[in-house]
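For reference, the structure discussed in these notes is given below.
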Amino acid sequence: MKLSDIFQNRNKKSRPQGESSLKIGIKGKEVWVYIIFGIWALINLFPVYWMFTFSLKSNKEIFGENVAGLPKEWLWSNYVKAMNVGNIEKYFVNSVIVAIVTIVIVMLISLMATFALTRFIWKGRKQMNKFFMLGLTIPIHASIVPIYVTLSKLHLLNTYFALIIPYAAFSLAMGILVCTGFMQELPMDLDEAACIDGCGTWGIFFRIIVPLMKPAVATVSIYTFLQCWNELMFANIFVSDSAHKTLPVGVQALSGQYMTDWGPVGAALVLATFPTLIFYAFFSKKIQESFISGAIKG
Amino acid sequence: MKKVTALLMTMVMLVSLVGCGKSDASKTSTTTETPTTSEATKAPDATEASTATASDPIDLTMWCIATESDSNRHAYEASIADFQAAHPEINLTWEATQNQEYKTKIKAAVAANEMPDIFFTWGCAFLGDFVDAGRVYSVDDVYAKHASELPEVMMGNVKYDGKYYGVPMTMNIVGMFSNMELLKEAGYDHVPATYDELIACCDALVAKGIIPFGCSGKETWAVTEYLESIIEKTAGASALNEIFAGNATWANDDVAKAVGIFQEMIEKNYFDPEGIALSNDEVKANFIAGKYAFYMNGTWNAADFDKAGLSDKIQVAEFPVIDSSKSKLGELIGGPSDTLAVAASSKNAEVAAESAFEIAKGICHYGYLDGNGLPAWTPDYDTSGINSLTKSVADIVANSSQMVLYGDTAMSADTANIYLDYVSQVYASVIDGKAFVEGLVNDIK
Amino acid sequence: MRKLYSNKLTIILFILPALILFLVILVAPIFLSGYYSFFDWNGFGKKIFIGLENYKELLTSNSIGFIKALGNSLLLALLSVVVQLPLALGLALLLGKGRKGERGFLSIYFMPVLISTVVIGQLWLKIYNPSYGILNVVLRSLGLDSLARIWLDRKTALGATFVPILWQYVGYHMLLMYAGIKSVPIEYREAAMIDGAREGQVNRYIILPYIKPILKISTIFAVTGSLKSFDLIYVLTNGGPLHATEVPSTLMINMLFLRNRYGMGSTIALLLIIMCFAFALIIGRIFKDKED
């Protein structure tokens, strides 16, 4: 399907479509649909709600009568503990730095590669594309020690790049996959026109192609973000000084230390989660939109 | 203080710690004169290690497992603070990692030859693998300077091919901690001293609705604290030691019998069934909260029990003898295992080694005062403030005749994990004693 | 223009960063793993060449339990295809019809995807806690004491670890599918409706064929993701108790770092990679056959 179709559909026709189906829909059935929606929403919200409440309780409350209710006494000291002992806020910043730099690198490199793969005419570009696609299926943990040795030879251990480089490499295949979908849709006329206007290859790439790839950026960013945000094993092994540790390592370490004291663990979990959720709450519409336009490109 | 020091001295003379390492033949039957001069309340001597000139700052890195909540944390912080104050010319940075993650991390570092200058390790097999690969610096020369304060008998687990590769800090044994208040409810005012009495006591506890034992099934080493004690008290320390060292096979009827005894205790509901899904910290918290009458685990726990204000409520003892024809009281599980070692790849290996000794001595000092275990180094400070539990442990050790190192420390990594695998199957009652023995005989090469 | 776009040097410049990163970080380790898999090696000591012994031992030894671990991850893959994806598809179809509040629900359903896996793992550890976990507490308060149990013990641990894994990514697949459904030209739908097609028929004959490329990608992600799954299992059970929840990745990490069997760990790594490739190919084929 064409990119233009999708934009059209979403922008112009999604509203009437909604109305028409509502007219046809039977009322009794609609109630059931909303019950299903409600139940699934509850299944998604309740664990997060529970996490929030026990992050503010003492063990006494959690283990006693008030298991699921709001805390009787709001114990903010749990958060102080999570920040002082667990350094959660610092690890959060580290995670954000790693994620952002990785996203930038993945975007840039995969756009460049995609440019060469879709615009240029050369032998073996199909094979090259397939080769990159193999990366989608490689399990990240399978290469832990060889990568460790490589990083140590490059003297990159204990830096942000110890994580950024492997994370970027493992997100690259997805980046190229999504970017290819979008770039193929861009008409060659654009390039021709730019060429006539005197743009070189780099000019075409940076001035014409890259600005038109915004929807791809969002899709790739989310995928890359998830990869960086979740990864535990590399982060634990490649970085040993606390100045560069990331959130999963910090949360795991704190949880190991406070195995029996739930409050601070809950606080750490909340600190590790809520900033992203708040960010998402503000930008969810935008993220969803670009995700929607990017998703179909597979 | 006099008493404790005296006890420790006898301990040094009596305990015959069997040396570690495949090629270590020389059993140290030491009669080293332990220094009797003890200067009261003095921070660990921190002046010897400086071989570097002041103009030339040296960077050292150190990895350990003393994370914020570790009971050893304070000892590390205090010792390192002392060290840093005494050595402005050395720039020491240290990192603590959670136990389980640390094992992964240090092995990856050894594989890539990217080790820190000084690293925490467990003695015997864990360090032995690194020594075999030539990745550890021999500390023979530095040890020679400290031999007077660090008895040779304590060096058994860091000795390979007649050379020393690490410096021990504390030593611990497996102790049976007993909640005297709960025992009282079952009609006991003392810790059962014989096996029959223990069984009767457990029956009485169960009848009262009290769970006798708590044991983490999620961390198999915690199960070995029970199982190894039971095996030792059934088959005898020497037999168990020979098996762990690989000199004898697991094909031993007494071992199978001991496993049967352990499983009978589980069957009779002596163990908290929830334990199987709990971590050791959670089980320990349950014991502190008064949920179990007994908790068998390393004596490093004394510090935490003391901190929880339970010193008066809790007593520590060794597990009673099961087969008196083969074992006797005084045969213990444990030994000095917590060790600092130096990487062969360190640019300043010599300075690092000197520093490791100094830091280890400090950790031993503060750790002992905190109740984290018995000192590997002979104390030269006031020890009168030691908590009563640790004092009892010192008594037990002083009267001991033989110690068997923890199985998972004594055996090489692969063998140890096969062993732990079978132990967890025993705890879950999936296999019986016979299958345990047969499985180990078949699987261990 | 043609000249511009066939300049060899430019091509190389544009493709090189990706290629280098790819070769060094992804491809080289695979060959290294392949090489190491022929050795008995602890990762730092002497390497002993043993040919295919690692493979033989891995596939036959009961005590390693690779086959069982493989079975677990295949079961997870199967569940993700027959439970997770249909659930995601169902929600996407219901939401995609344009109901009031669809964006709100969409946001809520996508939320778990944004939570770090370690956080989810730690949270579910608390949920499953036998004494104080919310699951047992709720069951007990409902009078269902008999259902309250030790969720992470041998019998139920596998199911208990799968639940959060499947739960977390429903939202991800749902959003992908929702996006596809939203892009179905409205004319198709309306034409079918006018012809008297019921909602189910519209879904079956109009929407599903249209979003097939997305279903394919989702299936590949779900299956290879299941085969690769590691972090959540590591946090929840680390493969225990008694290997009940062991999957190839946890087994591999144990071999590499706990048992010091680097050669064996590499063998598992290589088999895992080959398997992921194979499944991606097979799924691609299945979808292609249906297309033809």
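Chain labels run A, B, ... following the order of the structure tokens; each chain numbers its residues from 1, and ligands are numbered from 1 in the order shown.
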Test item: residues at most 12 Å from Lys214 of chain A, only C-alpha atoms, excluding those fewer than 4 positions along its chain, as a list in words: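 Residues near the query, excluding close chain neighbours: Met107, Leu111, Val178, Cys179, Phe182, Met183, Ile208, Ile209, Val210, Ala218, Thr219, Val220, Ser221, Lys286, Ile287, Glu289, Ser290, Phe291, Ser293 and Gly294 of chain A.
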Prev. selection, C-alpha atoms, output as a PDB file, in the first residue's frame:
ATOM      1  CA  MET A 107      18.715   6.615  12.830  1.00  0.00           C
ATOM      2  CA  LEU A 111      19.123   6.102   7.001  1.00  0.00           C
ATOM      3  CA  VAL A 178      11.497   0.393   8.547  1.00  0.00           C
ATOM      4  CA  CYS A 179      13.466   3.045   6.669  1.00  0.00           C
ATOM      5  CA  PHE A 182       9.460   4.568   3.711  1.00  0.00           C
ATOM      6  CA  MET A 183      12.275   5.497   1.392  1.00  0.00           C
ATOM      7  CA  ILE A 208      15.585  16.150   0.721  1.00  0.00           C
ATOM      8  CA  ILE A 209      15.433  12.594   2.030  1.00  0.00           C
ATOM      9  CA  VAL A 210      16.087  12.918   5.749  1.00  0.00           C
ATOM     10  CA  ALA A 218       9.318   7.619  15.482  1.00  0.00           C
ATOM     11  CA  THR A 219       8.867   3.934  14.724  1.00  0.00           C
ATOM     12  CA  VAL A 220      12.564   3.153  14.841  1.00  0.00           C
ATOM     13  CA  SER A 221      13.005   5.282  17.935  1.00  0.00           C
ATOM     14  CA  LYS A 286       2.013  11.720  18.384  1.00  0.00           C
ATOM     15  CA  ILE A 287       3.806   8.476  19.109  1.00  0.00           C
ATOM     16  CA  GLU A 289       0.308   8.443  14.879  1.00  0.00           C
ATOM     17  CA  SER A 290       3.843   7.950  13.697  1.00  0.00           C
ATOM     18  CA  PHE A 291       3.810   4.365  14.838  1.00  0.00           C
ATOM     19  CA  SER A 293       2.191   5.313   9.677  1.00  0.00           C
ATOM     20  CA  GLY A 294       5.418   3.438  10.209  1.00  0.00           C
TER      21      GLY A 294
END
Test item: residues at most 8 Å from Leu117 of chain A, only C-alpha atoms, excluding those fewer than 2 positions along its chain, as number ranges by chain: A: 113-115, 119-120, 125-126, 128-129, 180; C: 15
Residues of the last selection are to be written out with C-alpha atoms, as an mmCIF file, in the first residue's frame.
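Final output, result.cif:
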data_model
loop_
_atom_site.group_PDB
_atom_site.id
_atom_site.type_symbol
_atom_site.label_atom_id
_atom_site.label_comp_id
_atom_site.auth_asym_id
_atom_site.auth_seq_id
_atom_site.Cartn_x
_atom_site.Cartn_y
_atom_site.Cartn_z
ATOM 1 C CA ALA A 113 22.521 2.520 4.626
ATOM 2 C CA THR A 114 18.938 2.595 3.425
ATOM 3 C CA PHE A 115 19.788 5.488 1.126
ATOM 4 C CA ARG A 119 18.462 4.897 -4.230
ATOM 5 C CA PHE A 120 21.728 3.695 -5.613
ATOM 6 C CA ARG A 125 22.210 -4.528 -3.023
ATOM 7 C CA LYS A 126 19.339 -7.005 -2.684
ATOM 8 C CA MET A 128 23.048 -6.803 1.171
ATOM 9 C CA ASN A 129 19.547 -5.940 2.289
ATOM 10 C CA THR A 180 13.484 0.949 3.491
ATOM 11 C CA ILE C 15 26.808 1.686 3.589
#
Who sits within 12 Å of Ser80 of chain C, only C-alpha atoms, same chain under 4 positions skipped, as a PyMOL selection string: chain C and resi 73-76+84-88+162-170+173+218-227+229
Proximal residues of chain B relative to chain C (only C-alpha atoms; 9 Å) as a VMD selection string: chain B and resid 103 to 108 110 to 113 129 to 130 132 to 135 217 to 218 273 to 274 276 to 278 412 to 418 421 to 422 424 to 425 428 439 443
Atomic separation - atom CA of Gly101 of chain C relative to atom CA of Gln288 of chain A, Å: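 Computing it gives 14.3 Å between the two atoms.
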